[in-house]
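Coordinates from final32.pdb are shown below (PDB, C-alpha atoms, pLDDT in the B column).
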```pdb
ATOM      1  CA  MET O 250      27.509  19.887  12.642  1.00 46.00           C
ATOM      2  CA  PRO O 251      25.035  18.521  10.044  1.00 53.00           C
ATOM      3  CA  GLU O 252      25.246  14.831   9.262  1.00 62.00           C
ATOM      4  CA  GLN O 253      26.891  14.028   5.928  1.00 70.00           C
ATOM      5  CA  THR O 254      24.769  11.897   3.616  1.00 77.00           C
ATOM      6  CA  SER O 255      26.545   9.704   1.115  1.00 91.00           C
ATOM      7  CA  THR O 256      25.804   9.906  -2.579  1.00 93.00           C
ATOM      8  CA  ALA O 257      24.510   6.311  -2.487  1.00 91.00           C
ATOM      9  CA  ALA O 258      22.088   7.195   0.325  1.00 90.00           C
ATOM     10  CA  LYS O 259      20.852  10.229  -1.610  1.00 93.00           C
ATOM     11  CA  ILE O 260      20.333   8.161  -4.751  1.00 95.00           C
ATOM     12  CA  GLY O 261      18.599   5.455  -2.707  1.00 93.00           C
ATOM     13  CA  ASN O 262      16.274   8.046  -1.214  1.00 94.00           C
ATOM     14  CA  ILE O 263      15.407   9.394  -4.678  1.00 96.00           C
ATOM     15  CA  VAL O 264      14.741   5.887  -6.011  1.00 96.00           C
ATOM     16  CA  VAL O 265      12.478   5.058  -3.064  1.00 97.00           C
ATOM     17  CA  TRP O 266      10.580   8.337  -3.516  1.00 97.00           C
ATOM     18  CA  ILE O 267      10.018   7.434  -7.157  1.00 98.00           C
ATOM     19  CA  LEU O 268       8.764   3.990  -6.070  1.00 97.00           C
ATOM     20  CA  GLN O 269       6.466   5.660  -3.521  1.00 98.00           C
ATOM     21  CA  ILE O 270       5.053   8.129  -6.048  1.00 98.00           C
ATOM     22  CA  VAL O 271       4.416   5.429  -8.669  1.00 98.00           C
ATOM     23  CA  LEU O 272       2.780   3.174  -6.066  1.00 98.00           C
ATOM     24  CA  ALA O 273       0.693   6.074  -4.756  1.00 98.00           C
ATOM     25  CA  VAL O 274      -0.582   6.902  -8.257  1.00 98.00           C
ATOM     26  CA  GLN O 275      -1.368   3.223  -8.851  1.00 98.00           C
ATOM     27  CA  PHE O 276      -3.372   2.954  -5.638  1.00 98.00           C
ATOM     28  CA  VAL O 277      -5.285   6.171  -6.110  1.00 98.00           C
ATOM     29  CA  MET O 278      -6.383   4.688  -9.447  1.00 98.00           C
ATOM     30  CA  ASN O 279      -7.051   1.242  -7.893  1.00 97.00           C
ATOM     31  CA  GLY O 280      -8.982   2.774  -5.025  1.00 97.00           C
ATOM     32  CA  TYR O 281     -11.039   4.929  -7.387  1.00 97.00           C
ATOM     33  CA  ALA O 282     -11.805   1.864  -9.542  1.00 97.00           C
ATOM     34  CA  LEU O 283     -13.358   0.192  -6.502  1.00 97.00           C
ATOM     35  CA  PHE O 284     -16.021   2.921  -6.486  1.00 97.00           C
ATOM     36  CA  THR O 285     -17.079   1.981 -10.025  1.00 95.00           C
ATOM     37  CA  ASP O 286     -19.337  -0.889 -11.055  1.00 94.00           C
ATOM     38  CA  SER O 287     -16.460  -2.979 -12.415  1.00 93.00           C
ATOM     39  CA  PHE O 288     -15.802  -4.647  -9.031  1.00 93.00           C
ATOM     40  CA  VAL O 289     -19.390  -5.265  -7.897  1.00 95.00           C
ATOM     41  CA  ALA O 290     -19.443  -8.896  -9.063  1.00 92.00           C
ATOM     42  CA  LYS O 291     -16.047  -9.678  -7.511  1.00 90.00           C
ATOM     43  CA  PHE O 292     -17.106  -8.305  -4.124  1.00 93.00           C
ATOM     44  CA  ASP O 293     -20.411 -10.198  -4.383  1.00 92.00           C
ATOM     45  CA  ASP O 294     -18.306 -13.321  -4.912  1.00 90.00           C
ATOM     46  CA  ILE O 295     -16.170 -12.495  -1.866  1.00 91.00           C
ATOM     47  CA  GLY O 296     -19.350 -12.369   0.198  1.00 91.00           C
ATOM     48  CA  PHE O 297     -18.661  -9.483   2.595  1.00 92.00           C
ATOM     49  CA  GLY O 298     -21.054  -7.087   0.889  1.00 93.00           C
ATOM     50  CA  GLN O 299     -20.528  -3.960  -1.154  1.00 95.00           C
ATOM     51  CA  TRP O 300     -19.628  -1.892   1.927  1.00 97.00           C
ATOM     52  CA  PHE O 301     -16.327  -3.805   1.921  1.00 96.00           C
ATOM     53  CA  ARG O 302     -15.606  -2.635  -1.637  1.00 96.00           C
ATOM     54  CA  TYR O 303     -16.021   0.998  -0.568  1.00 97.00           C
ATOM     55  CA  PHE O 304     -14.031   0.420   2.624  1.00 97.00           C
ATOM     56  CA  THR O 305     -11.185  -1.136   0.623  1.00 97.00           C
ATOM     57  CA  GLY O 306     -11.262   1.766  -1.843  1.00 98.00           C
ATOM     58  CA  VAL O 307     -10.998   4.293   0.980  1.00 98.00           C
ATOM     59  CA  LEU O 308      -8.114   2.356   2.570  1.00 98.00           C
ATOM     60  CA  GLU O 309      -6.232   2.142  -0.729  1.00 98.00           C
ATOM     61  CA  ILE O 310      -6.615   5.865  -1.426  1.00 98.00           C
ATOM     62  CA  ALA O 311      -5.704   6.792   2.168  1.00 98.00           C
ATOM     63  CA  THR O 312      -2.535   4.693   2.134  1.00 98.00           C
ATOM     64  CA  ALA O 313      -1.647   6.081  -1.314  1.00 98.00           C
ATOM     65  CA  ILE O 314      -1.855   9.611   0.069  1.00 98.00           C
ATOM     66  CA  GLY O 315       0.110   8.517   3.139  1.00 98.00           C
ATOM     67  CA  LEU O 316       2.939   7.312   0.897  1.00 98.00           C
ATOM     68  CA  LEU O 317       3.464  10.956  -0.108  1.00 98.00           C
ATOM     69  CA  ILE O 318       3.659  12.359   3.445  1.00 96.00           C
ATOM     70  CA  PRO O 319       7.225  11.958   4.779  1.00 94.00           C
ATOM     71  CA  PRO O 320       6.502  11.418   8.499  1.00 93.00           C
ATOM     72  CA  ILE O 321       3.992   8.630   7.828  1.00 95.00           C
ATOM     73  CA  CYS O 322       5.132   7.188   4.481  1.00 96.00           C
ATOM     74  CA  GLY O 323       6.678   4.111   6.099  1.00 96.00           C
ATOM     75  CA  LEU O 324       3.546   3.389   8.102  1.00 96.00           C
ATOM     76  CA  ALA O 325       1.413   3.891   4.984  1.00 97.00           C
ATOM     77  CA  ALA O 326       3.611   1.408   3.113  1.00 98.00           C
ATOM     78  CA  LEU O 327       3.142  -1.115   5.930  1.00 97.00           C
ATOM     79  CA  GLY O 328      -0.618  -0.569   5.802  1.00 97.00           C
ATOM     80  CA  LEU O 329      -0.669  -1.034   2.044  1.00 98.00           C
ATOM     81  CA  ALA O 330       1.366  -4.241   2.392  1.00 98.00           C
ATOM     82  CA  GLY O 331      -1.265  -5.510   4.822  1.00 98.00           C
ATOM     83  CA  ILE O 332      -4.085  -4.607   2.456  1.00 98.00           C
ATOM     84  CA  MET O 333      -2.323  -6.433  -0.366  1.00 98.00           C
ATOM     85  CA  ALA O 334      -1.682  -9.492   1.820  1.00 98.00           C
ATOM     86  CA  GLY O 335      -5.425  -9.564   2.494  1.00 96.00           C
ATOM     87  CA  ALA O 336      -6.174  -9.168  -1.213  1.00 95.00           C
ATOM     88  CA  ALA O 337      -3.856 -12.051  -2.105  1.00 95.00           C
ATOM     89  CA  LEU O 338      -5.400 -14.297   0.552  1.00 95.00           C
ATOM     90  CA  THR O 339      -8.861 -13.342  -0.675  1.00 93.00           C
ATOM     91  CA  GLU O 340      -7.940 -14.247  -4.256  1.00 92.00           C
ATOM     92  CA  LEU O 341      -6.546 -17.585  -3.090  1.00 92.00           C
ATOM     93  CA  THR O 342      -9.404 -18.561  -0.783  1.00 91.00           C
ATOM     94  CA  LEU O 343     -12.658 -16.646  -1.296  1.00 88.00           C
ATOM     95  CA  VAL O 344     -12.898 -15.753  -4.976  1.00 85.00           C
ATOM     96  CA  THR O 345     -14.585 -18.533  -6.938  1.00 81.00           C
ATOM     97  CA  ASN O 346     -12.334 -18.374 -10.007  1.00 82.00           C
ATOM     98  CA  GLY O 347      -9.371 -16.934  -8.149  1.00 77.00           C
ATOM     99  CA  GLY O 348      -6.038 -18.585  -7.655  1.00 83.00           C
ATOM    100  CA  LEU O 349      -2.342 -17.961  -7.779  1.00 88.00           C
ATOM    101  CA  ASP O 350      -2.561 -16.102 -11.098  1.00 91.00           C
ATOM    102  CA  ASP O 351      -5.044 -13.627  -9.584  1.00 91.00           C
ATOM    103  CA  ALA O 352      -2.980 -13.332  -6.397  1.00 93.00           C
ATOM    104  CA  LYS O 353       0.233 -12.406  -8.252  1.00 96.00           C
ATOM    105  CA  MET O 354      -0.410  -8.658  -8.584  1.00 96.00           C
ATOM    106  CA  PRO O 355      -1.404  -8.172  -4.930  1.00 97.00           C
ATOM    107  CA  LEU O 356       1.707 -10.127  -3.920  1.00 97.00           C
ATOM    108  CA  ILE O 357       3.917  -7.972  -6.146  1.00 97.00           C
ATOM    109  CA  PHE O 358       2.381  -4.805  -4.687  1.00 98.00           C
ATOM    110  CA  MET O 359       2.802  -6.238  -1.166  1.00 98.00           C
ATOM    111  CA  VAL O 360       6.535  -6.843  -1.733  1.00 98.00           C
ATOM    112  CA  TRP O 361       6.886  -3.390  -3.323  1.00 98.00           C
ATOM    113  CA  ALA O 362       5.247  -1.788  -0.284  1.00 98.00           C
ATOM    114  CA  LEU O 363       7.395  -3.844   2.100  1.00 98.00           C
ATOM    115  CA  VAL O 364      10.564  -2.670   0.337  1.00 97.00           C
ATOM    116  CA  ILE O 365       9.424   0.917   0.915  1.00 97.00           C
ATOM    117  CA  ALA O 366       8.515   0.161   4.549  1.00 97.00           C
ATOM    118  CA  VAL O 367      11.931  -1.347   5.224  1.00 96.00           C
ATOM    119  CA  TYR O 368      13.692   1.621   3.642  1.00 96.00           C
ATOM    120  CA  ARG O 369      11.450   4.038   5.586  1.00 95.00           C
ATOM    121  CA  ARG O 370      11.726   2.152   8.888  1.00 94.00           C
ATOM    122  CA  GLU O 371      13.098   5.239  10.659  1.00 92.00           C
ATOM    123  CA  GLN O 372       9.839   7.060   9.907  1.00 89.00           C
ATOM    124  CA  ILE O 373       7.895   4.078  11.282  1.00 91.00           C
ATOM    125  CA  PHE O 374       9.970   4.064  14.475  1.00 90.00           C
ATOM    126  CA  GLY O 375       9.520   7.840  14.717  1.00 87.00           C
ATOM    127  CA  VAL O 376       5.732   7.480  14.670  1.00 83.00           C
ATOM    128  CA  PHE O 377       5.891   4.817  17.379  1.00 83.00           C
ATOM    129  CA  LYS O 378       8.130   7.054  19.517  1.00 84.00           C
ATOM    130  CA  LEU O 379       5.593   9.888  19.198  1.00 82.00           C
ATOM    131  CA  VAL O 380       2.745   7.574  20.190  1.00 83.00           C
ATOM    132  CA  ARG O 381       4.664   6.353  23.257  1.00 82.00           C
ATOM    133  CA  LYS O 382       5.138   9.914  24.565  1.00 75.00           C
TER     134      LYS O 382
END
```
Please express the file's structure as structure tokens.
Amino acid sequence: MPEQTSTAAKIGNIVVWILQIVLAVQFVMNGYALFTDSFVAKFDDIGFGQWFRYFTGVLEIATAIGLLIPPICGLAALGLAGIMAGAALTELTLVTNGGLDDAKMPLIFMVWALVIAVYRREQIFGVFKLVRK
């Protein structure tokens, strides 16, 4: 017999999918922006080299795409939260004119991604179960 899903659970699922889609669009755009010249100076200031700008862009686009793939969307959200935690720490510690104001957006995106990861925890556990086998 198929499991009954409550109306609240269905609405919650729809809301989280909307959050995932909006976040995915945002991070495709953010990732693409990292391939333009507008972030060269910031990544020079960070001091890891321009390869890190491209690497970050690829990671942001990859996690954005992952947010749209049901079996891995939770894991992608966790990855994006990690990327944003790193971005916030970078703004607070490595960027010359950075600070809490510059760290706010990465922190907001980190919390947003963590909300998705918590809601999609069953998908995360499912991936880990597959890896164990």
Protein/DNA/RNA residues near (10.5, 5.3, 6.1), cut 10 Å, only C-alpha atoms, as a ChimeraX atom specification: /O:262,265,316,319-327,364-375
Could those selected residues go to a file with C-alpha atoms, as an mmCIF file, keeping the file's coordinate frame?
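Listing of result29.cif after writing:
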```cif
data_model
loop_
_atom_site.group_PDB
_atom_site.id
_atom_site.type_symbol
_atom_site.label_atom_id
_atom_site.label_comp_id
_atom_site.auth_asym_id
_atom_site.auth_seq_id
_atom_site.Cartn_x
_atom_site.Cartn_y
_atom_site.Cartn_z
ATOM 1 C CA ASN O 262 16.274 8.046 -1.214
ATOM 2 C CA VAL O 265 12.478 5.058 -3.064
ATOM 3 C CA LEU O 316 2.939 7.312 0.897
ATOM 4 C CA PRO O 319 7.225 11.958 4.779
ATOM 5 C CA PRO O 320 6.502 11.418 8.499
ATOM 6 C CA ILE O 321 3.992 8.630 7.828
ATOM 7 C CA CYS O 322 5.132 7.188 4.481
ATOM 8 C CA GLY O 323 6.678 4.111 6.099
ATOM 9 C CA LEU O 324 3.546 3.389 8.102
ATOM 10 C CA ALA O 325 1.413 3.891 4.984
ATOM 11 C CA ALA O 326 3.611 1.408 3.113
ATOM 12 C CA LEU O 327 3.142 -1.115 5.930
ATOM 13 C CA VAL O 364 10.564 -2.670 0.337
ATOM 14 C CA ILE O 365 9.424 0.917 0.915
ATOM 15 C CA ALA O 366 8.515 0.161 4.549
ATOM 16 C CA VAL O 367 11.931 -1.347 5.224
ATOM 17 C CA TYR O 368 13.692 1.621 3.642
ATOM 18 C CA ARG O 369 11.450 4.038 5.586
ATOM 19 C CA ARG O 370 11.726 2.152 8.888
ATOM 20 C CA GLU O 371 13.098 5.239 10.659
ATOM 21 C CA GLN O 372 9.839 7.060 9.907
ATOM 22 C CA ILE O 373 7.895 4.078 11.282
ATOM 23 C CA PHE O 374 9.970 4.064 14.475
ATOM 24 C CA GLY O 375 9.520 7.840 14.717
#
```
Length of the CA of Asn279 (chain O) to CA of Met354 (chain O) vector [Å]: 11.9 Å
Could you build a table of the residues in region 259-306 of chain O lying no more than 9 Å from region 338-348 of chain O, giving for each the nearest pair of atoms and their separation in Å rounded to one decimal place, using all atoms listed in the file, ordered by chain and ascending residue number, as JSON lines?
```
{"residue": "O:Lys291", "atom": "CA", "partner": "O:Val344", "partner_atom": "CA", "distance": 7.3}
{"residue": "O:Phe292", "atom": "CA", "partner": "O:Val344", "partner_atom": "CA", "distance": 8.6}
{"residue": "O:Asp294", "atom": "CA", "partner": "O:Val344", "partner_atom": "CA", "distance": 5.9}
{"residue": "O:Ile295", "atom": "CA", "partner": "O:Leu343", "partner_atom": "CA", "distance": 5.5}
{"residue": "O:Gly296", "atom": "CA", "partner": "O:Leu343", "partner_atom": "CA", "distance": 8.1}
```
Distance query region 281-285 of chain O at most 10 Å, all atoms listed in the file, self and fewer than 5 positions along chain excluded, as JSON, numbers by chain: {"O": [275, 276, 292, 299, 301, 302, 303, 304, 305, 306, 307, 309, 310]}
Output of the above residues as a PDB file, in the coordinates of the input, restricted to C-alpha atoms:
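The result, written out as selection_8.pdb:
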```pdb
ATOM      1  CA  GLN O 275      -1.368   3.223  -8.851  1.00 98.00           C
ATOM      2  CA  PHE O 276      -3.372   2.954  -5.638  1.00 98.00           C
ATOM      3  CA  PHE O 292     -17.106  -8.305  -4.124  1.00 93.00           C
ATOM      4  CA  GLN O 299     -20.528  -3.960  -1.154  1.00 95.00           C
ATOM      5  CA  PHE O 301     -16.327  -3.805   1.921  1.00 96.00           C
ATOM      6  CA  ARG O 302     -15.606  -2.635  -1.637  1.00 96.00           C
ATOM      7  CA  TYR O 303     -16.021   0.998  -0.568  1.00 97.00           C
ATOM      8  CA  PHE O 304     -14.031   0.420   2.624  1.00 97.00           C
ATOM      9  CA  THR O 305     -11.185  -1.136   0.623  1.00 97.00           C
ATOM     10  CA  GLY O 306     -11.262   1.766  -1.843  1.00 98.00           C
ATOM     11  CA  VAL O 307     -10.998   4.293   0.980  1.00 98.00           C
ATOM     12  CA  GLU O 309      -6.232   2.142  -0.729  1.00 98.00           C
ATOM     13  CA  ILE O 310      -6.615   5.865  -1.426  1.00 98.00           C
TER      14      ILE O 310
END
```
Who sits within 12 Å of Ile357 (chain O), only C-alpha atoms, same chain under 4 positions skipped, as a VMD selection string: chain O and resid 272 329 to 330 333 to 334 336 to 337 349 to 353 361 to 364
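Here CA of Met278 (chain O) is placed at a distance of 15.3 Å from CA of Ile332 (chain O).
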Top pick for closest residue to Ala313 (chain O), considering O:Trp300, O:Gly280, O:Gly335, O:Gln253 and counting all atoms listed in the file: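 The shortest atom-to-atom distance to Ala313 (chain O) comes from O:Gly280.
Atom to atom, CA of Leu317 (chain O) and CA of Gly261 (chain O) stand 16.3 Å apart.
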Return the padded bounding box of region 329-342 of chain O as JSON: axis-aligned, built from all atoms listed in the file, 6 Å added on each side, with centre and edge lengths in Å to one decimal.
```
{"center_x": -4.0, "center_y": -9.8, "center_z": 0.3, "size_x": 22.8, "size_y": 29.5, "size_z": 21.1}
```
Since the input is missing atoms for region 305-316 of chain O, could you rebuild it with all heavy atoms and give the result as a PDB file, in the frame of the given file?
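And here is the file that came out, result_18.pdb:
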```
ATOM      1  N   THR O 305     -12.482  -0.831   1.224  1.00 97.00           N
ATOM      2  CA  THR O 305     -11.185  -1.136   0.623  1.00 97.00           C
ATOM      3  C   THR O 305     -10.699   0.017  -0.250  1.00 97.00           C
ATOM      4  O   THR O 305      -9.518   0.381  -0.219  1.00 97.00           O
ATOM      5  CB  THR O 305     -11.262  -2.442  -0.196  1.00 97.00           C
ATOM      6  OG1 THR O 305     -11.734  -3.485   0.653  1.00 97.00           O
ATOM      7  CG2 THR O 305      -9.914  -2.820  -0.758  1.00 97.00           C
ATOM      8  N   GLY O 306     -11.616   0.618  -1.007  1.00 98.00           N
ATOM      9  CA  GLY O 306     -11.262   1.766  -1.843  1.00 98.00           C
ATOM     10  C   GLY O 306     -10.750   2.932  -1.012  1.00 98.00           C
ATOM     11  O   GLY O 306      -9.745   3.560  -1.354  1.00 98.00           O
ATOM     12  N   VAL O 307     -11.431   3.207   0.090  1.00 98.00           N
ATOM     13  CA  VAL O 307     -10.998   4.293   0.980  1.00 98.00           C
ATOM     14  C   VAL O 307      -9.619   3.985   1.565  1.00 98.00           C
ATOM     15  O   VAL O 307      -8.738   4.853   1.614  1.00 98.00           O
ATOM     16  CB  VAL O 307     -12.038   4.544   2.099  1.00 98.00           C
ATOM     17  CG1 VAL O 307     -11.480   5.435   3.191  1.00 98.00           C
ATOM     18  CG2 VAL O 307     -13.314   5.140   1.511  1.00 98.00           C
ATOM     19  N   LEU O 308      -9.419   2.738   2.013  1.00 98.00           N
ATOM     20  CA  LEU O 308      -8.114   2.356   2.570  1.00 98.00           C
ATOM     21  C   LEU O 308      -6.995   2.488   1.535  1.00 98.00           C
ATOM     22  O   LEU O 308      -5.910   2.979   1.855  1.00 98.00           O
ATOM     23  CB  LEU O 308      -8.146   0.916   3.081  1.00 98.00           C
ATOM     24  CG  LEU O 308      -8.868   0.667   4.392  1.00 98.00           C
ATOM     25  CD1 LEU O 308      -8.844  -0.824   4.725  1.00 98.00           C
ATOM     26  CD2 LEU O 308      -8.249   1.462   5.523  1.00 98.00           C
ATOM     27  N   GLU O 309      -7.265   2.057   0.309  1.00 98.00           N
ATOM     28  CA  GLU O 309      -6.232   2.142  -0.729  1.00 98.00           C
ATOM     29  C   GLU O 309      -5.877   3.595  -1.050  1.00 98.00           C
ATOM     30  O   GLU O 309      -4.703   3.928  -1.191  1.00 98.00           O
ATOM     31  CB  GLU O 309      -6.672   1.389  -1.985  1.00 98.00           C
ATOM     32  CG  GLU O 309      -6.647  -0.112  -1.789  1.00 98.00           C
ATOM     33  CD  GLU O 309      -6.936  -0.892  -3.049  1.00 98.00           C
ATOM     34  OE1 GLU O 309      -7.038  -0.286  -4.146  1.00 98.00           O
ATOM     35  OE2 GLU O 309      -7.046  -2.129  -2.955  1.00 98.00           O
ATOM     36  N   ILE O 310      -6.880   4.449  -1.144  1.00 98.00           N
ATOM     37  CA  ILE O 310      -6.615   5.865  -1.426  1.00 98.00           C
ATOM     38  C   ILE O 310      -5.909   6.526  -0.243  1.00 98.00           C
ATOM     39  O   ILE O 310      -4.960   7.299  -0.422  1.00 98.00           O
ATOM     40  CB  ILE O 310      -7.907   6.596  -1.809  1.00 98.00           C
ATOM     41  CG1 ILE O 310      -8.412   6.074  -3.166  1.00 98.00           C
ATOM     42  CG2 ILE O 310      -7.700   8.108  -1.848  1.00 98.00           C
ATOM     43  CD1 ILE O 310      -9.812   6.521  -3.539  1.00 98.00           C
ATOM     44  N   ALA O 311      -6.332   6.205   0.977  1.00 98.00           N
ATOM     45  CA  ALA O 311      -5.704   6.792   2.168  1.00 98.00           C
ATOM     46  C   ALA O 311      -4.238   6.384   2.284  1.00 98.00           C
ATOM     47  O   ALA O 311      -3.373   7.227   2.569  1.00 98.00           O
ATOM     48  CB  ALA O 311      -6.468   6.380   3.421  1.00 98.00           C
ATOM     49  N   THR O 312      -3.940   5.110   2.049  1.00 98.00           N
ATOM     50  CA  THR O 312      -2.535   4.693   2.134  1.00 98.00           C
ATOM     51  C   THR O 312      -1.720   5.278   0.987  1.00 98.00           C
ATOM     52  O   THR O 312      -0.545   5.609   1.176  1.00 98.00           O
ATOM     53  CB  THR O 312      -2.388   3.155   2.172  1.00 98.00           C
ATOM     54  OG1 THR O 312      -3.056   2.582   1.043  1.00 98.00           O
ATOM     55  CG2 THR O 312      -2.938   2.580   3.458  1.00 98.00           C
ATOM     56  N   ALA O 313      -2.345   5.451  -0.180  1.00 98.00           N
ATOM     57  CA  ALA O 313      -1.647   6.081  -1.314  1.00 98.00           C
ATOM     58  C   ALA O 313      -1.248   7.508  -0.961  1.00 98.00           C
ATOM     59  O   ALA O 313      -0.117   7.929  -1.204  1.00 98.00           O
ATOM     60  CB  ALA O 313      -2.531   6.059  -2.558  1.00 98.00           C
ATOM     61  N   ILE O 314      -2.163   8.243  -0.357  1.00 98.00           N
ATOM     62  CA  ILE O 314      -1.855   9.611   0.069  1.00 98.00           C
ATOM     63  C   ILE O 314      -0.782   9.598   1.152  1.00 98.00           C
ATOM     64  O   ILE O 314       0.154  10.396   1.131  1.00 98.00           O
ATOM     65  CB  ILE O 314      -3.132  10.329   0.539  1.00 98.00           C
ATOM     66  CG1 ILE O 314      -4.076  10.544  -0.648  1.00 98.00           C
ATOM     67  CG2 ILE O 314      -2.799  11.654   1.228  1.00 98.00           C
ATOM     68  CD1 ILE O 314      -5.487  10.969  -0.268  1.00 98.00           C
ATOM     69  N   GLY O 315      -0.881   8.643   2.074  1.00 98.00           N
ATOM     70  CA  GLY O 315       0.110   8.517   3.139  1.00 98.00           C
ATOM     71  C   GLY O 315       1.514   8.256   2.623  1.00 98.00           C
ATOM     72  O   GLY O 315       2.495   8.686   3.233  1.00 98.00           O
ATOM     73  N   LEU O 316       1.621   7.565   1.486  1.00 98.00           N
ATOM     74  CA  LEU O 316       2.939   7.312   0.897  1.00 98.00           C
ATOM     75  C   LEU O 316       3.652   8.604   0.504  1.00 98.00           C
ATOM     76  O   LEU O 316       4.865   8.625   0.356  1.00 98.00           O
ATOM     77  CB  LEU O 316       2.805   6.431  -0.355  1.00 98.00           C
ATOM     78  CG  LEU O 316       2.530   4.955  -0.130  1.00 98.00           C
ATOM     79  CD1 LEU O 316       2.209   4.275  -1.463  1.00 98.00           C
ATOM     80  CD2 LEU O 316       3.714   4.273   0.539  1.00 98.00           C
TER      81      LEU O 316
END
```
